[in-house]
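Asker: Dumping the structure here so I can ask a few things about it.
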Amino acid sequence: MSVQAARRALLERFATTDTAVFAGHAELPTAPAFCDGVDVDGRAVLLVGAHALRQLPDGQDYVQEVLLGLARGEQIPGVHGIRLAPMAAEGWAEVVDGQANEVLLWGSRNSGKSVVEAVCLVSLAELHHRAGFPLPLKALWLHASLVDAAMKTAATLEEPIWRGLWQLQSDRHVAVARLGGRDICYVDFIGTSDVSTQERSRSSTHVVVAEELIATLDDHGGVPERIFEIAMTSMERLPGRRRVAFSSTNPGSRESWPFARYLADDHDPRRVACHIPSRDRLTDEQIEAQGRPFRETADLRARLIDEQWVDLKLGPEVCVGFRHSKHVAPHPLELVMGTTLYHGLDTAPGSHVHASVLAQRNGPQIRIFAGLVSANAGLKQHLESLVLPWLLRRCRWILGKDNSREWLRHVVDPAALTEEGGDYDMSAERRLRETLGGVVRVGASHWSARIGPLLAVLNDTSDVRLIIDPGPTCAMLVRACAGMWHYDVTRGGAVERDAPAKNERLFADLGDALCYAVGEMRPSRPQKRPEPRPTQIHFDVFNYHQRTQRERT
């Protein structure tokens, strides 16, 4: 018998039995050590089921023939696989053999995140077996509800690309991966919104998977962090090669727990986020077709198509016309020395929430440099812990009795100047004068007069343009303008435009502070030429700073 005939007979013999091989093809720069070889296009290949085959007579020869065939680009009977695009492959490699304890796979719709999770499970099962641990690999797959598990994840596992590798059991609440008549992975779906199924998150498991941590239409849905962490503790009981928790989600709010856990600047380095964009597997035309239905839901398009971590709009936005690309500067803004600094302040006697917006007018631009907000604090603490340090850091020249009188203008909520018994000796106006100096003005009391100047500068036809600094001090203000500052809607669907909603208090107060600052600049009038700066500016600031430190001591 010739070599070719013997090879063909070997491949056909294994292909005619119930033994099968699943090949994961990953487009990576180099093949990781845990992989078995490369295919004809240079993709790394991991053969799931290879370890069991090697225990059979002639099994090792069969595995070698499979690898040789894949390297030549041949179609081999009994072998099927899935190719992972570059970004998906990086996420797969991190889950299967990385250093992270937790991995987040995030991206837009139809980026293939659920498929990557399923490939990760069978790959982990194979390496688990190679390390000497018995099969099947046990996994808990968390979902918001069992309905989501049955309708979404189970449907993904039934797709033709798997060729029957996954089988659903127990009313579609259990998924089993089977190769060669042997269960290699047993997955129990958990519905985290059901109290009766939450307790199943305490079942012993080797790995934890979580599907769609953030709900599409509600930031309060999805998988709770508390249940996710309880499930992670269930990995400590069973011996295995690798304990890892991996999850998938579309982008959500920057205040969501997945963002804080995996993407915030101070997150634990053992938690890794892998971006899997839709362009990894879709064309530009396909991505544009996905975004076409979103006509008036820019927030959903930003999350599901443009892959941005943004807030959901909870009502009609107050800042009509605000666009991030137009009104947020691409680079940090510079203060102009010798130009009036406006301090919009939203506060009230007895209030525990205070918001400040600091801005300048520079010709046809209104530049917003900071949006500072305090909660559960007094006005004294707000001014001394947030506003004064910002002024000392960014524009020390504006402080001092003479300098502040010339260039610092406070525009406050009319309610802040209300005379109240015990607080009369230290009103908001007196507190501002003693802490910061400057001139105190009163903002518009009626809503239409307050919001009018801001809407005017947000209009595309305005000669004056609002520009917000991209730094962290303006992050909450940008979110407020982008939709978190909104109007309420009645049960009948009518919009209550006489005043914004106060449910999101911090955003609403920042919005009011912005209105006070912009309104005082008179954006409809040409800006006057600034007066020359005095020569003793640095000396005055130094004396003011020394005096302030002595008073505090």
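Each chain of the structure tokens is named A, B, ... in the order shown, its residues numbered from 1; ligands are numbered from 1 in display order.
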Any chance you could list, as a VMD selection string, the residues in stretch 22-193 of chain A that come up alpha helix (DSSP H) when DSSP is run on the backbone?

Answerer: chain A and resid 50 to 54 59 to 72 86 to 97 113 to 130 146 to 148 154 to 157

Asker: Taking 3 positions as the minimum chain separation for residues in the same chain, which residues sit within 8 Å of A:Gly112 when counting only C-alpha atoms? Answer as a ChimeraX atom specification.

Answerer: /A:88,109,115-116,276,278,281

Asker: Applying 12 Å and only C-alpha atoms, which residues near A:Lys326 remain after dropping the ones on its own chain fewer than 3 positions away? List them as a count of residues only.

Answerer: 17

Asker: For A:Pro472, find every residue with an atom within 10 Å (counting only C-alpha atoms), except residues of its own chain fewer than 5 positions away, and show them as a list in words.

Answerer: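 Near A:Pro472, the qualifying residues are Ala370, Gly371, Leu477 and Val478 of chain A.
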
Asker: Take the residues from that selection and put them in a file with C-alpha atoms, as a PDB file, in the first residue's frame.

Answerer:
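Result written to result_29.pdb:
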ATOM      1  CA  ALA A 370     -14.093  72.358  35.070  1.00  0.00           C
ATOM      2  CA  GLY A 371     -17.362  70.950  36.356  1.00  0.00           C
ATOM      3  CA  LEU A 477     -20.456  67.742  32.918  1.00  0.00           C
ATOM      4  CA  VAL A 478     -20.027  66.103  29.508  1.00  0.00           C
TER       5      VAL A 478
END

Asker: When you count only C-alpha atoms, which of these residues is closest to A:Pro136: A:Leu124, A:Ala44, A:Ala118, A:Val318?

Answerer: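 The shortest atom-to-atom distance to A:Pro136 comes from A:Leu124.
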
Asker: Do you know which residues are at most 10 Å from A:Ser445 counting only C-alpha atoms, after dropping those on the same chain fewer than 4 positions away, and could you put them as a PDB file with C-alpha atoms, in the first residue's frame?

Answerer:
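Result file out.pdb:
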ATOM      1  CA  ASP A 413     -28.351  80.272  42.217  1.00  0.00           C
ATOM      2  CA  PRO A 414     -30.870  82.932  43.419  1.00  0.00           C
ATOM      3  CA  ALA A 415     -31.926  80.525  46.167  1.00  0.00           C
ATOM      4  CA  ALA A 449     -34.306  82.722  30.913  1.00  0.00           C
ATOM      5  CA  ARG A 450     -31.722  80.402  32.474  1.00  0.00           C
ATOM      6  CA  TYR A 516     -25.455  80.469  35.306  1.00  0.00           C
TER       7      TYR A 516
END

Asker: Within 9 Å of stretch 92-97 of chain A, counting only C-alpha atoms, which residues show up once you throw out same-chain ones fewer than 4 positions away? Write them as a list in words, please.

Answerer: Ala26, Leu28, Pro32, Phe34, Leu84, Met87, Ala88, Asn101, Glu102, Val103, Val116, Glu117, Val119, Cys120, Leu121, Ser123, Leu124, Leu127, Arg242, Val244, Ala245, Phe246, Val272 and Cys274 of chain A

Asker: Kindly save the residues from that selection, with C-alpha atoms included, as a tab-separated table (two decimals), in the first residue's frame.

Answerer:
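The resulting selection_29.tsv:
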chain	number	residue	atom	x	y	z
A	26	ALA	CA	-6.68	31.72	15.85
A	28	LEU	CA	-2.32	35.53	16.15
A	32	PRO	CA	1.13	30.08	21.57
A	34	PHE	CA	-0.43	25.47	24.14
A	84	LEU	CA	-11.14	33.47	15.14
A	87	MET	CA	-9.08	40.61	18.16
A	88	ALA	CA	-11.25	37.61	19.02
A	101	ASN	CA	-8.00	35.82	36.72
A	102	GLU	CA	-10.87	37.62	35.01
A	103	VAL	CA	-11.31	38.54	31.35
A	116	VAL	CA	-15.61	33.17	21.33
A	117	GLU	CA	-16.89	32.22	24.79
A	119	VAL	CA	-14.67	28.22	21.78
A	120	CYS	CA	-12.93	29.17	25.03
A	121	LEU	CA	-14.92	26.56	26.94
A	123	SER	CA	-10.41	24.80	24.50
A	124	LEU	CA	-10.19	24.98	28.28
A	127	LEU	CA	-6.14	21.67	28.06
A	242	ARG	CA	-6.93	27.07	35.26
A	244	VAL	CA	-10.76	31.84	35.22
A	245	ALA	CA	-13.95	33.88	34.99
A	246	PHE	CA	-14.67	35.41	31.61
A	272	VAL	CA	-8.19	42.26	31.73
A	274	CYS	CA	-10.29	42.60	25.56

Asker: Would you please work out which residue, of A:His275, A:His51, A:Arg405, A:His343, is nearest to A:Ala359 when using only C-alpha atoms?

Answerer: A:His343

Asker: From a DSSP pass on the backbone, collect the residues of stretch 81-220 of chain A flagged as strand (DSSP E or B) and hand them back as an MDAnalysis selection string.

Answerer: chainID A and resid 81:84 102:106 137:143 166:169 174:179 182:191 207:210

Asker: Dump C-alpha atoms for the selected residues as a PDB file, in the first residue's frame?

Answerer:
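In the end it all went to result_5.pdb:
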ATOM      1  CA  GLY A  81     -13.337  24.072  13.243  1.00  0.00           C
ATOM      2  CA  ILE A  82     -13.910  27.791  13.661  1.00  0.00           C
ATOM      3  CA  ARG A  83     -11.598  30.596  12.677  1.00  0.00           C
ATOM      4  CA  LEU A  84     -11.143  33.468  15.136  1.00  0.00           C
ATOM      5  CA  GLU A 102     -10.867  37.623  35.013  1.00  0.00           C
ATOM      6  CA  VAL A 103     -11.312  38.545  31.347  1.00  0.00           C
ATOM      7  CA  LEU A 104     -13.974  40.820  29.866  1.00  0.00           C
ATOM      8  CA  LEU A 105     -14.784  40.468  26.156  1.00  0.00           C
ATOM      9  CA  TRP A 106     -16.580  43.633  25.103  1.00  0.00           C
ATOM     10  CA  LEU A 137     -14.973  20.501  32.469  1.00  0.00           C
ATOM     11  CA  LYS A 138     -17.767  22.069  34.511  1.00  0.00           C
ATOM     12  CA  ALA A 139     -18.859  25.660  33.911  1.00  0.00           C
ATOM     13  CA  LEU A 140     -21.504  28.051  35.222  1.00  0.00           C
ATOM     14  CA  TRP A 141     -22.810  30.357  32.493  1.00  0.00           C
ATOM     15  CA  LEU A 142     -24.527  33.362  34.088  1.00  0.00           C
ATOM     16  CA  HIS A 143     -27.359  35.212  32.338  1.00  0.00           C
ATOM     17  CA  TRP A 166     -23.055  21.374  21.476  1.00  0.00           C
ATOM     18  CA  GLN A 167     -26.211  19.653  22.678  1.00  0.00           C
ATOM     19  CA  LEU A 168     -28.928  21.246  24.805  1.00  0.00           C
ATOM     20  CA  GLN A 169     -30.588  19.439  27.692  1.00  0.00           C
ATOM     21  CA  VAL A 174     -27.908  22.909  30.184  1.00  0.00           C
ATOM     22  CA  ALA A 175     -25.404  22.741  27.321  1.00  0.00           C
ATOM     23  CA  VAL A 176     -23.029  19.812  26.793  1.00  0.00           C
ATOM     24  CA  ALA A 177     -20.100  19.702  24.367  1.00  0.00           C
ATOM     25  CA  ARG A 178     -19.497  16.150  23.121  1.00  0.00           C
ATOM     26  CA  LEU A 179     -16.623  14.749  21.054  1.00  0.00           C
ATOM     27  CA  ARG A 182     -17.641  11.651  25.323  1.00  0.00           C
ATOM     28  CA  ASP A 183     -18.811  14.738  27.226  1.00  0.00           C
ATOM     29  CA  ILE A 184     -15.923  17.185  27.389  1.00  0.00           C
ATOM     30  CA  CYS A 185     -17.737  20.233  28.791  1.00  0.00           C
ATOM     31  CA  TYR A 186     -20.869  20.475  30.939  1.00  0.00           C
ATOM     32  CA  VAL A 187     -22.386  23.962  31.235  1.00  0.00           C
ATOM     33  CA  ASP A 188     -25.176  24.926  33.620  1.00  0.00           C
ATOM     34  CA  PHE A 189     -27.087  28.100  32.684  1.00  0.00           C
ATOM     35  CA  ILE A 190     -27.859  30.367  35.673  1.00  0.00           C
ATOM     36  CA  GLY A 191     -30.544  33.069  35.687  1.00  0.00           C
ATOM     37  CA  VAL A 207     -14.755  28.111  35.290  1.00  0.00           C
ATOM     38  CA  VAL A 208     -17.366  30.877  35.269  1.00  0.00           C
ATOM     39  CA  VAL A 209     -18.828  32.543  32.195  1.00  0.00           C
ATOM     40  CA  ALA A 210     -21.175  35.548  32.218  1.00  0.00           C
TER      41      ALA A 210
END

Asker: Give the answer as one residue: which of A:Arg202, A:His267, A:Arg243, A:Arg505 has the shortest atom-to-atom distance to A:Val373, using only C-alpha atoms?

Answerer: A:Arg505

Asker: So, counting only C-alpha atoms, which residue among A:Leu314, A:Ala33, A:Ala50, A:Ala517 is closest to A:Ala444?

Answerer: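 Looking only at the distances to A:Ala444, the closest residue turns out to be A:Ala517.
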
Asker: Between atom CA of A:Gly221 and atom CA of A:Ser256, what is the distance in Å, rounded to a tenth?

Answerer: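 According to the coordinates, atom CA of A:Gly221 and atom CA of A:Ser256 are separated by 10.6 Å.
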
Asker: Go ahead and compute the interatomic distance for atom CA of A:Glu504 and atom CA of A:His382, in Å to one decimal.

Answerer: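 Atom-to-atom, atom CA of A:Glu504 to atom CA of A:His382, that is 19.1 Å.
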
Asker: For a test of reading the model, state the distance in Å between atom CA of A:Gln360 and atom CA of A:Glu255, rounded to one decimal.

Answerer: 29.0 Å

Asker: My list of candidates is A:Glu429, A:Asp280, A:Leu388, A:Gly49. Which is closest to A:Ala89 when distances are computed with only C-alpha atoms?

Answerer: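 Once distances to A:Ala89 are computed over only C-alpha atoms, the minimum belongs to A:Asp280.
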
Asker: Using only C-alpha atoms, which of the listed residues (A:Ser404, A:Ser193, A:Asn376, A:Asn362) sits closest to A:Thr339?

Answerer: A:Asn362
